[in-house]
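Peer 1: Provided below: run-v3.tsv, containing TSV, C-alpha atoms.
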```tsv
chain	number	residue	atom	x	y	z
A	20	LEU	CA	-22.68	-1.94	9.63
A	21	SER	CA	-22.66	-1.76	5.82
A	22	PHE	CA	-20.33	1.25	6.11
A	23	GLU	CA	-17.74	-0.90	7.87
A	24	LYS	CA	-18.34	-3.82	5.50
A	25	ASN	CA	-17.62	-1.57	2.49
A	26	PHE	CA	-14.34	-0.47	4.02
A	27	ILE	CA	-13.37	-4.04	4.86
A	28	ASN	CA	-14.07	-5.08	1.27
A	29	LYS	CA	-11.99	-2.14	0.06
A	30	LEU	CA	-9.19	-3.17	2.41
A	31	GLU	CA	-9.22	-6.73	1.05
A	32	LYS	CA	-8.97	-5.44	-2.53
A	33	LEU	CA	-6.16	-3.06	-1.57
A	34	ASN	CA	-4.25	-5.91	0.10
A	35	THR	CA	-4.53	-7.97	-3.09
A	36	LEU	CA	-3.30	-5.07	-5.22
A	37	LEU	CA	-0.49	-4.37	-2.77
A	38	GLU	CA	0.68	-8.00	-2.94
A	39	GLU	CA	0.72	-7.86	-6.74
A	40	GLU	CA	2.66	-4.59	-6.82
A	41	THR	CA	5.09	-5.83	-4.16
A	42	LYS	CA	5.90	-8.94	-6.20
A	43	LYS	CA	6.37	-6.83	-9.33
A	44	LEU	CA	8.73	-4.40	-7.59
A	45	GLU	CA	10.64	-7.23	-5.89
A	46	ASN	CA	11.18	-8.89	-9.26
A	47	ASP	CA	12.43	-5.59	-10.67
A	48	GLY	CA	14.76	-5.12	-7.69
A	49	TYR	CA	13.22	-1.95	-6.24
A	50	PHE	CA	13.30	-3.24	-2.67
A	51	LYS	CA	17.08	-3.55	-2.70
A	52	LYS	CA	18.98	-1.41	-0.23
A	53	GLU	CA	20.31	0.92	-2.94
A	54	TYR	CA	16.78	2.10	-3.87
A	55	ILE	CA	15.32	2.59	-0.39
A	56	GLY	CA	16.41	6.22	0.14
A	57	GLU	CA	14.90	7.38	-3.14
A	58	PHE	CA	12.16	4.77	-3.49
A	59	TRP	CA	9.42	7.38	-3.91
A	60	LEU	CA	11.29	9.16	-6.73
A	61	TYR	CA	10.96	6.27	-9.18
A	62	LEU	CA	7.85	6.36	-11.37
A	63	GLU	CA	7.61	2.57	-11.21
A	64	THR	CA	7.01	2.70	-7.44
A	65	ARG	CA	4.16	5.24	-7.62
A	66	PRO	CA	1.31	2.70	-7.97
A	67	TYR	CA	2.65	0.84	-4.92
A	68	MET	CA	2.85	4.05	-2.89
A	69	LYS	CA	-0.68	5.10	-3.90
A	70	ILE	CA	-2.12	1.72	-2.93
A	71	LEU	CA	-0.26	1.81	0.39
A	72	TYR	CA	-1.58	5.33	1.06
A	73	GLU	CA	-5.15	4.20	0.37
A	74	LYS	CA	-4.67	1.20	2.66
A	75	ILE	CA	-3.48	3.42	5.51
A	76	LYS	CA	-6.37	5.84	4.94
A	77	THR	CA	-8.85	2.96	4.99
A	78	LEU	CA	-7.38	1.54	8.20
A	79	ILE	CA	-7.75	4.97	9.83
A	80	GLU	CA	-11.36	5.21	8.62
A	81	LEU	CA	-12.01	1.83	10.25
A	82	GLY	CA	-10.44	3.06	13.49
A	83	ARG	CA	-7.59	0.57	13.23
A	84	TYR	CA	-4.93	3.11	14.15
A	85	LYS	CA	-2.24	0.73	15.37
A	86	GLU	CA	-2.34	-1.16	12.06
A	87	ALA	CA	-2.19	2.13	10.15
A	88	ILE	CA	0.84	3.23	12.15
A	89	ALA	CA	2.52	-0.13	11.58
A	90	GLU	CA	2.13	0.32	7.81
```
Take the structure I supplied and represent it as C-alpha coordinates, if you would.

Peer 2:
Amino acid sequence: LSFEKNFINKLEKLNTLLEEETKKLENDGYFKKEYIGEFWLYLETRPYMKILYEKIKTLIELGRYKEAIAE
(Lines of atoms letter the chains of each structure in order from A and count residues from 1; the text may use other names and numbers.)
(Lines give C-alpha, C1' and ligand atoms only; values in the text may rest on other atoms or scores of the structure.)
Protein backbone atom coordinates (compact mmCIF):
# COMPACT_ATOMS: atom_id res chain seq x y z
CA LEU A 1 0.00 0.00 0.00
CA SER A 2 2.80 2.46 0.80
CA PHE A 3 4.39 1.52 -2.54
CA GLU A 4 1.31 2.78 -4.38
CA LYS A 5 1.02 5.82 -2.11
CA ASN A 6 4.62 6.83 -2.95
CA PHE A 7 3.88 6.62 -6.65
CA ILE A 8 0.66 8.61 -6.27
CA ASN A 9 2.56 11.32 -4.38
CA LYS A 10 5.19 11.32 -7.13
CA LEU A 11 2.45 11.61 -9.74
CA GLU A 12 0.93 14.62 -7.95
CA LYS A 13 4.31 16.36 -7.86
CA LEU A 14 4.93 15.57 -11.53
CA ASN A 15 1.51 16.99 -12.46
CA THR A 16 2.36 20.23 -10.62
CA LEU A 17 5.72 20.48 -12.39
CA LEU A 18 4.11 19.69 -15.73
CA GLU A 19 1.55 22.47 -15.26
CA GLU A 20 4.32 24.96 -14.47
CA GLU A 21 6.40 23.94 -17.48
CA THR A 22 3.34 23.98 -19.75
CA LYS A 23 2.51 27.55 -18.73
CA LYS A 24 6.11 28.61 -19.26
CA LEU A 25 6.27 27.06 -22.74
CA GLU A 26 2.85 28.46 -23.69
CA ASN A 27 3.99 31.94 -22.70
CA ASP A 28 7.13 31.49 -24.81
CA GLY A 29 5.04 30.26 -27.76
CA TYR A 30 6.44 26.73 -28.02
CA PHE A 31 3.01 25.13 -28.40
CA LYS A 32 2.32 27.03 -31.61
CA LYS A 33 1.83 24.96 -34.74
CA GLU A 34 5.18 25.99 -36.22
CA TYR A 35 7.13 24.34 -33.36
CA ILE A 36 5.21 21.05 -33.08
CA GLY A 37 7.23 19.05 -35.63
CA GLU A 38 10.55 19.88 -34.00
CA PHE A 39 9.33 20.43 -30.44
CA TRP A 40 11.80 17.94 -28.97
CA LEU A 41 14.79 19.61 -30.68
CA TYR A 42 14.55 22.81 -28.65
CA LEU A 43 16.56 22.84 -25.42
CA GLU A 44 13.84 24.86 -23.72
CA THR A 45 11.35 21.99 -24.12
CA ARG A 46 13.62 19.33 -22.59
CA PRO A 47 12.47 19.79 -18.96
CA TYR A 48 8.85 19.45 -20.11
CA MET A 49 9.63 16.28 -22.06
CA LYS A 50 11.54 14.75 -19.13
CA ILE A 51 8.69 15.46 -16.72
CA LEU A 52 6.17 14.01 -19.18
CA TYR A 53 8.33 10.89 -19.58
CA GLU A 54 8.50 10.43 -15.80
CA LYS A 55 4.73 10.88 -15.56
CA ILE A 56 4.11 8.19 -18.18
CA LYS A 57 6.58 5.85 -16.47
CA THR A 58 4.86 6.41 -13.12
CA LEU A 59 1.42 5.75 -14.60
CA ILE A 60 2.72 2.47 -16.04
CA GLU A 61 4.21 1.51 -12.67
CA LEU A 62 0.79 2.13 -11.11
CA GLY A 63 -0.85 -0.07 -13.75
CA ARG A 64 -2.77 2.87 -15.20
CA TYR A 65 -2.00 1.93 -18.79
CA LYS A 66 -4.88 3.73 -20.50
CA GLU A 67 -3.85 7.02 -18.88
CA ALA A 68 -0.22 6.43 -19.88
CA ILE A 69 -1.27 5.79 -23.48
CA ALA A 70 -3.43 8.91 -23.47
CA GLU A 71 -0.41 11.00 -22.43

Peer 1: Using only C-alpha atoms, determine which residues lie at most 12 Å from A:Arg65, disregarding the query and same-chain residues fewer than 4 positions distant; provide the list as a ChimeraX atom specification.

Peer 2: /A:37,40-41,44,49,57-61,69-72

Peer 1: Those same residues - C-alpha atoms - I'd like them written as a short mmCIF file (atom, residue, chain, number, x, y, z; two decimals), in the frame of the given file.

Peer 2:
```
data_model
loop_
_atom_site.label_atom_id
_atom_site.label_comp_id
_atom_site.auth_asym_id
_atom_site.auth_seq_id
_atom_site.Cartn_x
_atom_site.Cartn_y
_atom_site.Cartn_z
CA LEU A 37 -0.49 -4.37 -2.77
CA GLU A 40 2.66 -4.59 -6.82
CA THR A 41 5.09 -5.83 -4.16
CA LEU A 44 8.73 -4.40 -7.59
CA TYR A 49 13.22 -1.95 -6.24
CA GLU A 57 14.90 7.38 -3.14
CA PHE A 58 12.16 4.77 -3.49
CA TRP A 59 9.42 7.38 -3.91
CA LEU A 60 11.29 9.16 -6.73
CA TYR A 61 10.96 6.27 -9.18
CA LYS A 69 -0.68 5.10 -3.90
CA ILE A 70 -2.12 1.72 -2.93
CA LEU A 71 -0.26 1.81 0.39
CA TYR A 72 -1.58 5.33 1.06
#
```

Peer 1: Calculated over only C-alpha atoms, which of the candidates A:Asn46, A:Lys51, A:Gly56, A:Lys74 has the smallest distance to A:Glu31?

Peer 2: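 With only C-alpha atoms as the atom set, the closest residue is A:Lys74.
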
Peer 1: Any idea what the distance is between atom CA of A:Asp47 and atom CA of A:Thr64?

Peer 2: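 One can read the atom CA of A:Asp47 to atom CA of A:Thr64 distance as 10.4 Å.
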
Peer 1: Between A:Lys85, A:Glu39, A:Glu80, A:Glu23, which residue has the minimum interatomic distance to A:Pro66, considering all atoms listed in the file?

Peer 2: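 Going through A:Lys85, A:Glu39, A:Glu80, A:Glu23 one by one, the smallest distance to A:Pro66 is for A:Glu39.
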
Peer 1: Pick from A:Ile88, A:Leu33, A:Lys24, A:Arg83: nearest to A:Met68, with all atoms listed in the file counted?

Peer 2: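 Of the candidates, the smallest distance to A:Met68 is held by A:Leu33.
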
Peer 1: Between atom CA of A:Glu73 and atom CA of A:Glu86, measure the distance and give it in Å to one decimal.

Peer 2: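 These atoms are spaced 13.2 Å apart.
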
Peer 1: Which value, in Å to one decimal, gives the distance between atom CA of A:Ile75 and atom CA of A:Ala87?

Peer 2: 5.0 Å

Peer 1: Could you give me the axis-aligned bounding box of stretch 66-83 of chain A, with 5 Å of padding per side, as centre plus edge lengths in Å to one decimal, as lines of an AutoDock Vina configuration file?

Peer 2:
```
center_x = -4.6
center_y = 3.2
center_z = 2.8
size_x = 24.9
size_y = 15.3
size_z = 31.5
```

Peer 1: Please determine, counting only C-alpha atoms, which residue among A:Ile27, A:Ile55, A:Leu36, A:Ala89 has the shortest atom-to-atom distance to A:Tyr67.

Peer 2: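 Under the stated criterion, the closest residue is A:Leu36.
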
Peer 1: Choose the residue, out of A:Thr77, A:Tyr84, A:Gly48, A:Leu62, that has the smallest atom-to-atom separation from A:Lys32; count all atoms listed in the file.

Peer 2: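 Ranking A:Thr77, A:Tyr84, A:Gly48, A:Leu62 by distance to A:Lys32, first place goes to A:Thr77.
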
Peer 1: Which residue, A:Lys52, A:Leu81, A:Glu45, A:Glu90, has the smallest gap to A:Phe26 when you use all atoms listed in the file?

Peer 2: A:Leu81
